[in-house]
Amino acid sequence: MTLLEFENLRVSLGDRPILRNVTLSVAAGEAVGLVGESGSGKSMTVRSVVRLLPEGAAVTGAVRFEGADIASLGAAGLRRMRSRDVAMVFQDPRAVVNPVRTVGDFLTEVLRDQGVNRADALRKAAGSLSEVGVDDASRRLAQRPYELSGGLLQRVVIAAALLTEPKLILADEPTTALDVTTQEEVVAILDEQRRRRSVALMFITHDLELAAAVCDRIAVMYAGEIVEILPADRLHTEARHPYTRALLGSRPGTVPPGQRLRTVPGVPQSALTAPPGCVFADRCPHAEDRCRDTRPAFRGSAACHLLEEVR
Amino acid sequence: MIGFVLRKLAGVVATVAVASLVIFGALYLAPGDPASLLAGGQQPSPEALAEIRERYHLDDPFPVRYRHWLTGLLSGDPGASMVWKEPVTALIGARIGTTMLLVAYASLVILTVGVTAGVVAAVGGRKVDQALTVITTVLMAAPAFVAAILLIWVFATTLSWFPVYGSGSGFVDRIHHLTLPALALSGGYLAYVSRITRTEVRAELASDHVAAARARGLPRWTVLRRHVLRNAAPPVVAVSGVTVAGLFAATAVAEQAFGVSGLGSLLVQSAARQDLVVVQALSLLLVTVFVVVNMLVDVLNAVLDPRLVREGVA
Ligand SMILES: Nc1ncnc2c1ncn2[C@@H]1O[C@H](COP(=O)(O)OP(=O)(O)OP(=O)(O)O)[C@@H](O)[C@H]1O
Ligand SMILES: [Mg+2]
């Protein structure tokens, strides 16, 4: 059953395109990874689900949640969706948890707004904390963000996201701001909890391997477009788009130690400077004339003229 | 937290001690015979001078004289004014109520109007913001005495809503008399507090944690109150605190302009007549009030934002 659906979503700021054409669906309980270089529009895609776009952003196309176009939601409907159906986990927990209020305030404020009384809200918050592996919940509730480590604070954010029993979690690089050892733990907790409750997940990351481990499907973005969508377990075997392949080839671990890492040649395109043809044409090792002239349509799993030729 | 308050208290004591030394020492750096200065700029007879030398221990070394002065102050007897022929405590006692009322009145105006205007400017959209920027710019540019003249002209002379002169008696009458002085005194500070509030509220509105609070579906008003205003409060409180603390000294202009008999006008008059006993006592009082109010603001801020205690800043 489709939970979330992007259909030809375009977002622009002034005359500057940010998302050019995003079509993607997420089934209930499914985890979809969004990968791609910086500036490719991953965050904007995810933020458009809860209409959290920069001021003045013009949106065409549709984002549908449970069949209803979110553009048609009124203020109350939008608030309802944000507080009950969709939860976000951001990159830097230090920046998104109010620094002067307590962890307990942070965890309970949405419940309190929904009319849950204080004692019940606190009890639920403590329960949620222990589920994400935060010990000594009652003490934590009284602490303030600066008293917690980054990894612990991100667990608090995840606990808060789970607390309202959402149907979808949007995680925008939830571990990028953490140190390497806590990264794995935090991802494991998010993964485990959302599987147990069969909550759908959109997971943004720069790490293809991580995306493949956590997600059911992977969408690769480039310059405001989704260029390829793949089942996670067939990422290595079935990646066809030259950009996806270039990304796979540029990971550490694909070259023997001591040798230079390969990078995707050329400069990343933003949606603004993208050419009339294929967005990746100027960096693609296989590009032909038609690639530069006409936009490739999405065929099967990728948007590329050369799916048959490039093997 | 207790340690924090104790540190702050120690700071207050140290500051006041240094200030007292400077204020007292300044008298002896001034040119001329301290005895004739203390006589209040009159031409005293040799006997009177001798009496002054005796009373103020002028023939003793500086530390001894300072100790005498300080003991006098601490025991509640800073001496008597040579000009007014009255104890300093009586002079101050008769005026401190009026000045406190004026400061409280002006503070209330500065804080309520200033903070409200700042918040409205930050959240009210372009037009409102621009209009308020114009108003606050004018207020900031107009010195208190110009504001005083304008207020007197419009509200006292032309409209006769408020008296031109005097301090009034009884609470309502005093408020009536102090309204124009309080407004004249508030203008620039009010604009300043409004600007700071606007900047801080704007910064919070643009912050990630406010975006996150919105993304969690909290109502607009809740986000504004619990995330934006709550977080913008510490810097606004800090600035307002310094402003209010400074008002005690700033009353001088407004009190003079409106003929209000308070500490500010006493300070001006005493300085003009070289009544150094009064000037010294008043200066130290103003410094003390300033430092104490600042300390209270620091403590309040530490309650609002406990990170300040940990970092031990300010
Ligand atoms: N607040 C904003 N105002 C204007 N442009 C913005 C804003 N936020 C992002 N953009 C632009 O939108 C485009 C897409 O940004 P987005 O944040 O979605 O990229 P991303 O794929 O999430 O990148 P990253 O991996 O760096 O997070 C970028 O070109 C960026 O410059
Ligand atoms: Mg991003």
# chains A, B, ... in the order shown; residues from 1 in each chain; ligands from 1
$ residues_near_ligand --ligand "ligand 1" --cutoff "7 Å" --atoms "only C-alpha atoms and all ligand atoms" --output "list in words"
Leu13, Ile18, Gly36, Glu37, Ser38, Gly39, Ser40, Gly41, Lys42, Ser43, Met44, Thr45, Pro54, His206, Gly224, Ser270 and Ala271 of chain A
$ write_last_selection --atoms "all heavy atoms" --output "mmCIF file, in the first residue's frame"
data_model
loop_
_atom_site.group_PDB
_atom_site.id
_atom_site.type_symbol
_atom_site.label_atom_id
_atom_site.label_comp_id
_atom_site.auth_asym_id
_atom_site.auth_seq_id
_atom_site.Cartn_x
_atom_site.Cartn_y
_atom_site.Cartn_z
ATOM 1 N N LEU A 13 13.004 28.272 -6.278
ATOM 2 C CA LEU A 13 13.088 29.481 -5.456
ATOM 3 C C LEU A 13 13.350 30.630 -6.412
ATOM 4 O O LEU A 13 14.413 30.696 -7.015
ATOM 5 C CB LEU A 13 14.248 29.367 -4.479
ATOM 6 C CG LEU A 13 13.965 28.759 -3.118
ATOM 7 C CD1 LEU A 13 15.259 28.575 -2.354
ATOM 8 C CD2 LEU A 13 13.003 29.623 -2.334
ATOM 9 N N ILE A 18 15.134 23.959 -7.878
ATOM 10 C CA ILE A 18 15.831 23.202 -6.844
ATOM 11 C C ILE A 18 15.537 21.714 -6.994
ATOM 12 O O ILE A 18 16.439 20.889 -6.960
ATOM 13 C CB ILE A 18 15.436 23.731 -5.452
ATOM 14 C CG1 ILE A 18 16.071 25.115 -5.288
ATOM 15 C CG2 ILE A 18 15.890 22.777 -4.361
ATOM 16 C CD1 ILE A 18 15.957 25.714 -3.948
ATOM 17 N N GLY A 36 23.100 10.811 -2.903
ATOM 18 C CA GLY A 36 23.488 11.742 -3.953
ATOM 19 C C GLY A 36 24.378 12.812 -3.364
ATOM 20 O O GLY A 36 24.441 12.988 -2.155
ATOM 21 N N GLU A 37 25.064 13.514 -4.266
ATOM 22 C CA GLU A 37 26.028 14.489 -3.788
ATOM 23 C C GLU A 37 25.346 15.668 -3.111
ATOM 24 O O GLU A 37 24.151 15.887 -3.254
ATOM 25 C CB GLU A 37 26.867 15.003 -4.976
ATOM 26 C CG GLU A 37 27.953 14.031 -5.377
ATOM 27 C CD GLU A 37 28.503 14.328 -6.762
ATOM 28 O OE1 GLU A 37 27.700 14.586 -7.678
ATOM 29 O OE2 GLU A 37 29.715 14.306 -6.917
ATOM 30 N N SER A 38 26.163 16.434 -2.402
ATOM 31 C CA SER A 38 25.685 17.621 -1.709
ATOM 32 C C SER A 38 24.990 18.572 -2.683
ATOM 33 O O SER A 38 25.476 18.788 -3.787
ATOM 34 C CB SER A 38 26.896 18.311 -1.087
ATOM 35 O OG SER A 38 26.504 18.965 0.065
ATOM 36 N N GLY A 39 23.849 19.079 -2.281
ATOM 37 C CA GLY A 39 23.139 20.035 -3.125
ATOM 38 C C GLY A 39 22.241 19.404 -4.156
ATOM 39 O O GLY A 39 21.614 20.096 -4.960
ATOM 40 N N SER A 40 22.146 18.075 -4.165
ATOM 41 C CA SER A 40 21.338 17.427 -5.194
ATOM 42 C C SER A 40 19.842 17.508 -4.883
ATOM 43 O O SER A 40 19.019 17.157 -5.727
ATOM 44 C CB SER A 40 21.763 15.965 -5.356
ATOM 45 O OG SER A 40 21.682 15.284 -4.123
ATOM 46 N N GLY A 41 19.485 17.955 -3.700
ATOM 47 C CA GLY A 41 18.072 18.166 -3.407
ATOM 48 C C GLY A 41 17.445 17.128 -2.496
ATOM 49 O O GLY A 41 16.226 17.050 -2.386
ATOM 50 N N LYS A 42 18.271 16.355 -1.796
ATOM 51 C CA LYS A 42 17.744 15.316 -0.923
ATOM 52 C C LYS A 42 16.926 15.917 0.217
ATOM 53 O O LYS A 42 15.793 15.501 0.472
ATOM 54 C CB LYS A 42 18.902 14.483 -0.339
ATOM 55 C CG LYS A 42 19.827 13.892 -1.395
ATOM 56 C CD LYS A 42 20.937 13.056 -0.779
ATOM 57 C CE LYS A 42 21.926 13.822 0.070
ATOM 58 N NZ LYS A 42 22.743 14.804 -0.658
ATOM 59 N N SER A 43 17.508 16.909 0.874
ATOM 60 C CA SER A 43 16.798 17.506 2.010
ATOM 61 C C SER A 43 15.507 18.175 1.561
ATOM 62 O O SER A 43 14.477 18.072 2.223
ATOM 63 C CB SER A 43 17.679 18.542 2.704
ATOM 64 O OG SER A 43 18.828 17.928 3.209
ATOM 65 N N MET A 44 15.577 18.858 0.429
ATOM 66 C CA MET A 44 14.386 19.553 -0.068
ATOM 67 C C MET A 44 13.264 18.560 -0.374
ATOM 68 O O MET A 44 12.096 18.833 -0.114
ATOM 69 C CB MET A 44 14.727 20.342 -1.331
ATOM 70 C CG MET A 44 15.571 21.552 -1.056
ATOM 71 S SD MET A 44 14.647 22.763 -0.097
ATOM 72 C CE MET A 44 15.984 23.753 0.486
ATOM 73 N N THR A 45 13.634 17.424 -0.944
ATOM 74 C CA THR A 45 12.631 16.401 -1.243
ATOM 75 C C THR A 45 11.912 15.974 0.028
ATOM 76 O O THR A 45 10.682 15.950 0.099
ATOM 77 C CB THR A 45 13.323 15.171 -1.873
ATOM 78 O OG1 THR A 45 14.011 15.594 -3.045
ATOM 79 C CG2 THR A 45 12.313 14.091 -2.224
ATOM 80 N N PRO A 54 12.014 26.535 2.179
ATOM 81 C CA PRO A 54 12.378 27.935 2.402
ATOM 82 C C PRO A 54 11.235 28.860 1.957
ATOM 83 O O PRO A 54 10.469 28.508 1.061
ATOM 84 C CB PRO A 54 13.607 28.143 1.511
ATOM 85 C CG PRO A 54 14.103 26.801 1.172
ATOM 86 C CD PRO A 54 12.972 25.850 1.304
ATOM 87 N N HIS A 206 24.958 10.053 2.778
ATOM 88 C CA HIS A 206 25.971 10.080 1.716
ATOM 89 C C HIS A 206 26.616 8.711 1.581
ATOM 90 O O HIS A 206 27.422 8.481 0.681
ATOM 91 C CB HIS A 206 27.057 11.111 2.049
ATOM 92 C CG HIS A 206 26.602 12.514 1.878
ATOM 93 N ND1 HIS A 206 26.755 13.210 0.712
ATOM 94 C CD2 HIS A 206 25.959 13.350 2.719
ATOM 95 C CE1 HIS A 206 26.250 14.411 0.843
ATOM 96 N NE2 HIS A 206 25.751 14.525 2.050
ATOM 97 N N GLY A 224 18.766 17.760 -8.529
ATOM 98 C CA GLY A 224 17.325 17.983 -8.396
ATOM 99 C C GLY A 224 16.465 16.937 -9.061
ATOM 100 O O GLY A 224 15.262 17.133 -9.217
ATOM 101 N N SER A 270 24.308 21.619 -9.967
ATOM 102 C CA SER A 270 23.110 21.887 -9.190
ATOM 103 C C SER A 270 21.981 21.997 -10.196
ATOM 104 O O SER A 270 22.211 22.086 -11.400
ATOM 105 C CB SER A 270 23.245 23.177 -8.393
ATOM 106 O OG SER A 270 23.055 24.262 -9.238
ATOM 107 N N ALA A 271 20.753 21.969 -9.677
ATOM 108 C CA ALA A 271 19.612 22.020 -10.576
ATOM 109 C C ALA A 271 19.631 23.296 -11.413
ATOM 110 O O ALA A 271 19.079 23.354 -12.498
ATOM 111 C CB ALA A 271 18.322 21.938 -9.764
#
$ interface_residues --of "chain A" --to "chain B" --cutoff "8 Å" --atoms "only C-alpha atoms" --output "count of residues only"
18
$ closest_residue --among "A:Leu170, A:Leu111, A:Leu4, A:Val32" --to "ligand 2" --atoms "only C-alpha atoms and all ligand atoms"
A:Leu170
$ residues_around --residues "Arg139 of chain A" --least-positions-apart "2" --cutoff "12 Å" --atoms "only C-alpha atoms" --output "list in words"
Thr102, Val103, Gly104, Leu122, Ala125, Ala126, Leu129, Ser130, Val134, Asp135, Asp136, Ala137, Leu141, Ala142, Gln143, Arg144, Glu147 and Leu148 of chain A
$ write_last_selection --atoms "N, CA, C and O atoms" --output "PDB file, in the first residue's frame"
ATOM      1  N   THR A 102      14.453  21.453  28.981  1.00  0.00           N
ATOM      2  CA  THR A 102      14.911  20.128  29.386  1.00  0.00           C
ATOM      3  C   THR A 102      14.550  19.074  28.336  1.00  0.00           C
ATOM      4  O   THR A 102      13.689  19.284  27.481  1.00  0.00           O
ATOM      5  N   VAL A 103      15.251  17.956  28.427  1.00  0.00           N
ATOM      6  CA  VAL A 103      14.970  16.817  27.566  1.00  0.00           C
ATOM      7  C   VAL A 103      13.504  16.396  27.723  1.00  0.00           C
ATOM      8  O   VAL A 103      12.821  16.068  26.756  1.00  0.00           O
ATOM      9  N   GLY A 104      13.032  16.433  28.962  1.00  0.00           N
ATOM     10  CA  GLY A 104      11.632  16.078  29.226  1.00  0.00           C
ATOM     11  C   GLY A 104      10.669  17.000  28.490  1.00  0.00           C
ATOM     12  O   GLY A 104       9.691  16.541  27.890  1.00  0.00           O
ATOM     13  N   LEU A 122       5.091  12.199  30.597  1.00  0.00           N
ATOM     14  CA  LEU A 122       6.427  11.905  31.117  1.00  0.00           C
ATOM     15  C   LEU A 122       6.672  10.406  31.183  1.00  0.00           C
ATOM     16  O   LEU A 122       7.766   9.931  30.885  1.00  0.00           O
ATOM     17  N   ALA A 125       7.341   9.238  27.760  1.00  0.00           N
ATOM     18  CA  ALA A 125       8.662   9.707  27.338  1.00  0.00           C
ATOM     19  C   ALA A 125       9.752   8.821  27.929  1.00  0.00           C
ATOM     20  O   ALA A 125      10.691   8.420  27.233  1.00  0.00           O
ATOM     21  N   ALA A 126       9.608   8.493  29.210  1.00  0.00           N
ATOM     22  CA  ALA A 126      10.606   7.639  29.854  1.00  0.00           C
ATOM     23  C   ALA A 126      10.636   6.269  29.185  1.00  0.00           C
ATOM     24  O   ALA A 126      11.702   5.706  28.927  1.00  0.00           O
ATOM     25  N   LEU A 129      12.394   6.534  25.903  1.00  0.00           N
ATOM     26  CA  LEU A 129      13.846   6.658  26.086  1.00  0.00           C
ATOM     27  C   LEU A 129      14.483   5.302  26.322  1.00  0.00           C
ATOM     28  O   LEU A 129      15.530   4.985  25.744  1.00  0.00           O
ATOM     29  N   SER A 130      13.838   4.480  27.174  1.00  0.00           N
ATOM     30  CA  SER A 130      14.499   3.196  27.432  1.00  0.00           C
ATOM     31  C   SER A 130      14.445   2.302  26.196  1.00  0.00           C
ATOM     32  O   SER A 130      15.343   1.502  25.987  1.00  0.00           O
ATOM     33  N   VAL A 134      18.382   4.483  26.153  1.00  0.00           N
ATOM     34  CA  VAL A 134      18.889   5.508  27.066  1.00  0.00           C
ATOM     35  C   VAL A 134      18.552   5.070  28.483  1.00  0.00           C
ATOM     36  O   VAL A 134      17.387   4.944  28.847  1.00  0.00           O
ATOM     37  N   ASP A 135      19.593   4.806  29.278  1.00  0.00           N
ATOM     38  CA  ASP A 135      19.372   4.364  30.659  1.00  0.00           C
ATOM     39  C   ASP A 135      19.010   5.553  31.540  1.00  0.00           C
ATOM     40  O   ASP A 135      19.230   6.699  31.168  1.00  0.00           O
ATOM     41  N   ASP A 136      18.510   5.194  32.720  1.00  0.00           N
ATOM     42  CA  ASP A 136      18.327   6.223  33.728  1.00  0.00           C
ATOM     43  C   ASP A 136      17.405   7.333  33.218  1.00  0.00           C
ATOM     44  O   ASP A 136      17.678   8.522  33.351  1.00  0.00           O
ATOM     45  N   ALA A 137      16.294   6.893  32.632  1.00  0.00           N
ATOM     46  CA  ALA A 137      15.429   7.825  31.913  1.00  0.00           C
ATOM     47  C   ALA A 137      14.965   8.989  32.778  1.00  0.00           C
ATOM     48  O   ALA A 137      14.953  10.131  32.322  1.00  0.00           O
ATOM     49  N   LEU A 141      15.410  12.957  31.781  1.00  0.00           N
ATOM     50  CA  LEU A 141      14.283  13.855  31.487  1.00  0.00           C
ATOM     51  C   LEU A 141      14.495  15.241  32.089  1.00  0.00           C
ATOM     52  O   LEU A 141      14.047  16.239  31.549  1.00  0.00           O
ATOM     53  N   ALA A 142      15.202  15.270  33.221  1.00  0.00           N
ATOM     54  CA  ALA A 142      15.402  16.556  33.886  1.00  0.00           C
ATOM     55  C   ALA A 142      16.641  17.282  33.387  1.00  0.00           C
ATOM     56  O   ALA A 142      16.886  18.429  33.739  1.00  0.00           O
ATOM     57  N   GLN A 143      17.444  16.602  32.543  1.00  0.00           N
ATOM     58  CA  GLN A 143      18.675  17.230  32.083  1.00  0.00           C
ATOM     59  C   GLN A 143      18.420  18.141  30.887  1.00  0.00           C
ATOM     60  O   GLN A 143      17.359  18.108  30.273  1.00  0.00           O
ATOM     61  N   ARG A 144      19.435  18.942  30.596  1.00  0.00           N
ATOM     62  CA  ARG A 144      19.340  19.817  29.432  1.00  0.00           C
ATOM     63  C   ARG A 144      20.285  19.318  28.342  1.00  0.00           C
ATOM     64  O   ARG A 144      21.236  18.598  28.635  1.00  0.00           O
ATOM     65  N   GLU A 147      24.010  18.736  28.598  1.00  0.00           N
ATOM     66  CA  GLU A 147      24.526  17.734  29.531  1.00  0.00           C
ATOM     67  C   GLU A 147      24.621  16.346  28.902  1.00  0.00           C
ATOM     68  O   GLU A 147      25.080  15.409  29.537  1.00  0.00           O
ATOM     69  N   LEU A 148      24.141  16.215  27.654  1.00  0.00           N
ATOM     70  CA  LEU A 148      24.152  14.918  26.984  1.00  0.00           C
ATOM     71  C   LEU A 148      25.144  14.928  25.826  1.00  0.00           C
ATOM     72  O   LEU A 148      25.350  15.959  25.189  1.00  0.00           O
TER      73      LEU A 148
END
$ residues_around --residues "Thr89 of chain B" --least-positions-apart "4" --cutoff "12 Å" --atoms "only C-alpha atoms" --output "ChimeraX atom specification"
/B:72-73,75-81,84-85,93-96,263,277-278,281-282,285
$ select_by_dssp --residues "segment 55-206 of chain B" --states "alpha helix (DSSP H)" --output "VMD selection string"
chain B and resid 55 62 to 74 88 to 123 126 to 141 144 to 151 171 to 205
$ closest_residue --among "A:Ala159, A:Leu24, A:Val35, A:Cys215" --to "ligand 2" --atoms "only C-alpha atoms and all ligand atoms"
A:Val35
$ residues_around --residues "Val287 of chain B" --least-positions-apart "3" --cutoff "9 Å" --atoms "only C-alpha atoms" --output "PDB file with N, CA, C and O atoms, in the first residue's frame"
ATOM      1  N   THR B  15      33.760  45.407  43.161  1.00  0.00           N
ATOM      2  CA  THR B  15      33.531  46.563  42.296  1.00  0.00           C
ATOM      3  C   THR B  15      33.217  47.804  43.123  1.00  0.00           C
ATOM      4  O   THR B  15      33.768  48.889  42.883  1.00  0.00           O
ATOM      5  N   VAL B  16      32.323  47.631  44.098  1.00  0.00           N
ATOM      6  CA  VAL B  16      31.948  48.782  44.914  1.00  0.00           C
ATOM      7  C   VAL B  16      33.154  49.284  45.712  1.00  0.00           C
ATOM      8  O   VAL B  16      33.363  50.495  45.853  1.00  0.00           O
ATOM      9  N   ALA B  19      35.298  51.224  43.387  1.00  0.00           N
ATOM     10  CA  ALA B  19      34.613  52.470  43.058  1.00  0.00           C
ATOM     11  C   ALA B  19      34.725  53.460  44.211  1.00  0.00           C
ATOM     12  O   ALA B  19      34.966  54.653  43.996  1.00  0.00           O
ATOM     13  N   SER B  20      34.581  52.960  45.437  1.00  0.00           N
ATOM     14  CA  SER B  20      34.637  53.872  46.581  1.00  0.00           C
ATOM     15  C   SER B  20      36.014  54.515  46.686  1.00  0.00           C
ATOM     16  O   SER B  20      36.143  55.708  46.957  1.00  0.00           O
ATOM     17  N   ALA B 249      21.172  56.932  37.101  1.00  0.00           N
ATOM     18  CA  ALA B 249      22.010  58.081  36.802  1.00  0.00           C
ATOM     19  C   ALA B 249      21.377  58.943  35.714  1.00  0.00           C
ATOM     20  O   ALA B 249      21.485  60.169  35.724  1.00  0.00           O
ATOM     21  N   LEU B 282      26.462  60.199  46.799  1.00  0.00           N
ATOM     22  CA  LEU B 282      25.523  59.859  45.723  1.00  0.00           C
ATOM     23  C   LEU B 282      26.188  59.006  44.649  1.00  0.00           C
ATOM     24  O   LEU B 282      25.602  58.042  44.154  1.00  0.00           O
ATOM     25  N   SER B 283      27.416  59.380  44.281  1.00  0.00           N
ATOM     26  CA  SER B 283      28.114  58.614  43.242  1.00  0.00           C
ATOM     27  C   SER B 283      28.249  57.164  43.664  1.00  0.00           C
ATOM     28  O   SER B 283      27.972  56.243  42.892  1.00  0.00           O
ATOM     29  N   LEU B 284      28.649  56.987  44.911  1.00  0.00           N
ATOM     30  CA  LEU B 284      28.837  55.620  45.378  1.00  0.00           C
ATOM     31  C   LEU B 284      27.504  54.876  45.411  1.00  0.00           C
ATOM     32  O   LEU B 284      27.420  53.701  45.037  1.00  0.00           O
ATOM     33  N   PHE B 290      23.804  50.305  40.456  1.00  0.00           N
ATOM     34  CA  PHE B 290      24.098  49.790  39.121  1.00  0.00           C
ATOM     35  C   PHE B 290      24.651  48.363  39.200  1.00  0.00           C
ATOM     36  O   PHE B 290      24.183  47.460  38.511  1.00  0.00           O
ATOM     37  N   VAL B 291      25.623  48.174  40.077  1.00  0.00           N
ATOM     38  CA  VAL B 291      26.253  46.851  40.155  1.00  0.00           C
ATOM     39  C   VAL B 291      25.280  45.808  40.707  1.00  0.00           C
ATOM     40  O   VAL B 291      25.244  44.673  40.233  1.00  0.00           O
ATOM     41  N   VAL B 292      24.489  46.218  41.699  1.00  0.00           N
ATOM     42  CA  VAL B 292      23.573  45.253  42.295  1.00  0.00           C
ATOM     43  C   VAL B 292      22.490  44.843  41.287  1.00  0.00           C
ATOM     44  O   VAL B 292      22.189  43.654  41.130  1.00  0.00           O
TER      45      VAL B 292
END
$ residues_around --residues "segment 104-112 of chain B" --least-positions-apart "2" --cutoff "9 Å" --atoms "only C-alpha atoms" --output "mmCIF file with N, CA and C atoms, in the first residue's frame"
data_model
loop_
_atom_site.group_PDB
_atom_site.id
_atom_site.type_symbol
_atom_site.label_atom_id
_atom_site.label_comp_id
_atom_site.auth_asym_id
_atom_site.auth_seq_id
_atom_site.Cartn_x
_atom_site.Cartn_y
_atom_site.Cartn_z
ATOM 1 N N THR B 99 12.755 59.300 42.912
ATOM 2 C CA THR B 99 13.611 58.764 41.853
ATOM 3 C C THR B 99 13.308 57.291 41.591
ATOM 4 N N MET B 100 13.078 56.530 42.666
ATOM 5 C CA MET B 100 12.760 55.113 42.452
ATOM 6 C C MET B 100 11.456 54.971 41.680
ATOM 7 N N LEU B 101 10.500 55.801 42.010
ATOM 8 C CA LEU B 101 9.228 55.749 41.299
ATOM 9 C C LEU B 101 9.433 56.094 39.820
ATOM 10 N N LEU B 102 10.235 57.133 39.595
ATOM 11 C CA LEU B 102 10.501 57.534 38.210
ATOM 12 C C LEU B 102 11.209 56.417 37.447
ATOM 13 N N GLY B 114 9.047 48.488 24.705
ATOM 14 C CA GLY B 114 10.230 48.117 23.935
ATOM 15 C C GLY B 114 10.197 46.662 23.490
ATOM 16 N N VAL B 115 9.913 45.765 24.427
ATOM 17 C CA VAL B 115 9.914 44.342 24.086
ATOM 18 C C VAL B 115 8.754 44.025 23.129
ATOM 19 N N THR B 116 7.581 44.591 23.414
ATOM 20 C CA THR B 116 6.446 44.341 22.521
ATOM 21 C C THR B 116 6.747 44.828 21.106
ATOM 22 N N ALA B 117 7.263 46.051 21.017
ATOM 23 C CA ALA B 117 7.569 46.589 19.691
ATOM 24 C C ALA B 117 8.597 45.715 18.979
ATOM 25 N N ILE B 175 2.365 59.966 40.101
ATOM 26 C CA ILE B 175 2.372 59.309 38.791
ATOM 27 C C ILE B 175 2.031 60.335 37.713
ATOM 28 N N LEU B 178 4.974 62.450 37.152
ATOM 29 C CA LEU B 178 6.163 61.753 36.637
ATOM 30 C C LEU B 178 5.969 61.166 35.234
ATOM 31 N N THR B 179 4.757 61.263 34.706
ATOM 32 C CA THR B 179 4.512 60.641 33.404
ATOM 33 C C THR B 179 5.406 61.225 32.305
ATOM 34 N N PRO B 181 8.215 63.087 32.591
ATOM 35 C CA PRO B 181 9.635 62.744 32.793
ATOM 36 C C PRO B 181 9.944 61.293 32.435
ATOM 37 N N ALA B 182 9.040 60.382 32.808
ATOM 38 C CA ALA B 182 9.295 58.968 32.508
ATOM 39 C C ALA B 182 9.335 58.738 31.002
ATOM 40 N N LEU B 183 8.422 59.386 30.281
ATOM 41 C CA LEU B 183 8.416 59.218 28.824
ATOM 42 C C LEU B 183 9.683 59.808 28.206
ATOM 43 N N ALA B 184 10.075 60.985 28.683
ATOM 44 C CA ALA B 184 11.283 61.622 28.142
ATOM 45 C C ALA B 184 12.496 60.736 28.387
ATOM 46 N N LEU B 185 12.487 60.135 29.569
ATOM 47 C CA LEU B 185 13.601 59.273 29.948
ATOM 48 C C LEU B 185 13.612 57.973 29.132
ATOM 49 N N SER B 186 12.419 57.462 28.780
ATOM 50 C CA SER B 186 12.323 56.137 28.158
ATOM 51 C C SER B 186 12.777 56.104 26.708
ATOM 52 N N GLY B 187 12.377 57.140 25.961
ATOM 53 C CA GLY B 187 12.505 57.126 24.497
ATOM 54 C C GLY B 187 13.660 56.347 23.915
ATOM 55 N N TYR B 189 16.092 54.543 25.265
ATOM 56 C CA TYR B 189 16.302 53.193 25.795
ATOM 57 C C TYR B 189 15.274 52.224 25.234
ATOM 58 N N LEU B 190 14.051 52.741 25.144
ATOM 59 C CA LEU B 190 12.960 51.923 24.622
ATOM 60 C C LEU B 190 13.279 51.465 23.194
ATOM 61 N N ALA B 191 13.766 52.412 22.404
ATOM 62 C CA ALA B 191 14.113 52.084 21.022
ATOM 63 C C ALA B 191 15.233 51.048 20.990
ATOM 64 N N VAL B 193 16.061 48.809 23.369
ATOM 65 C CA VAL B 193 15.553 47.498 23.796
ATOM 66 C C VAL B 193 14.721 46.868 22.678
ATOM 67 N N SER B 194 13.953 47.678 21.990
ATOM 68 C CA SER B 194 13.133 47.175 20.884
ATOM 69 C C SER B 194 14.006 46.600 19.769
ATOM 70 N N SER B 240 18.230 44.847 28.979
ATOM 71 C CA SER B 240 17.266 45.620 29.746
ATOM 72 C C SER B 240 17.801 45.901 31.146
ATOM 73 N N THR B 243 20.203 48.643 31.111
ATOM 74 C CA THR B 243 19.455 49.870 30.861
ATOM 75 C C THR B 243 18.809 50.382 32.138
ATOM 76 N N VAL B 244 18.090 49.503 32.823
ATOM 77 C CA VAL B 244 17.401 49.917 34.044
ATOM 78 C C VAL B 244 18.410 50.382 35.091
ATOM 79 N N LEU B 247 19.482 53.771 34.451
ATOM 80 C CA LEU B 247 18.443 54.796 34.545
ATOM 81 C C LEU B 247 18.618 55.673 35.772
#
$ select_by_dssp --residues "segment 7-243 of chain B" --states "strand (DSSP E or B)" --output "list in words"
Ala80, Ser81, Glu86 and Pro87 of chain B
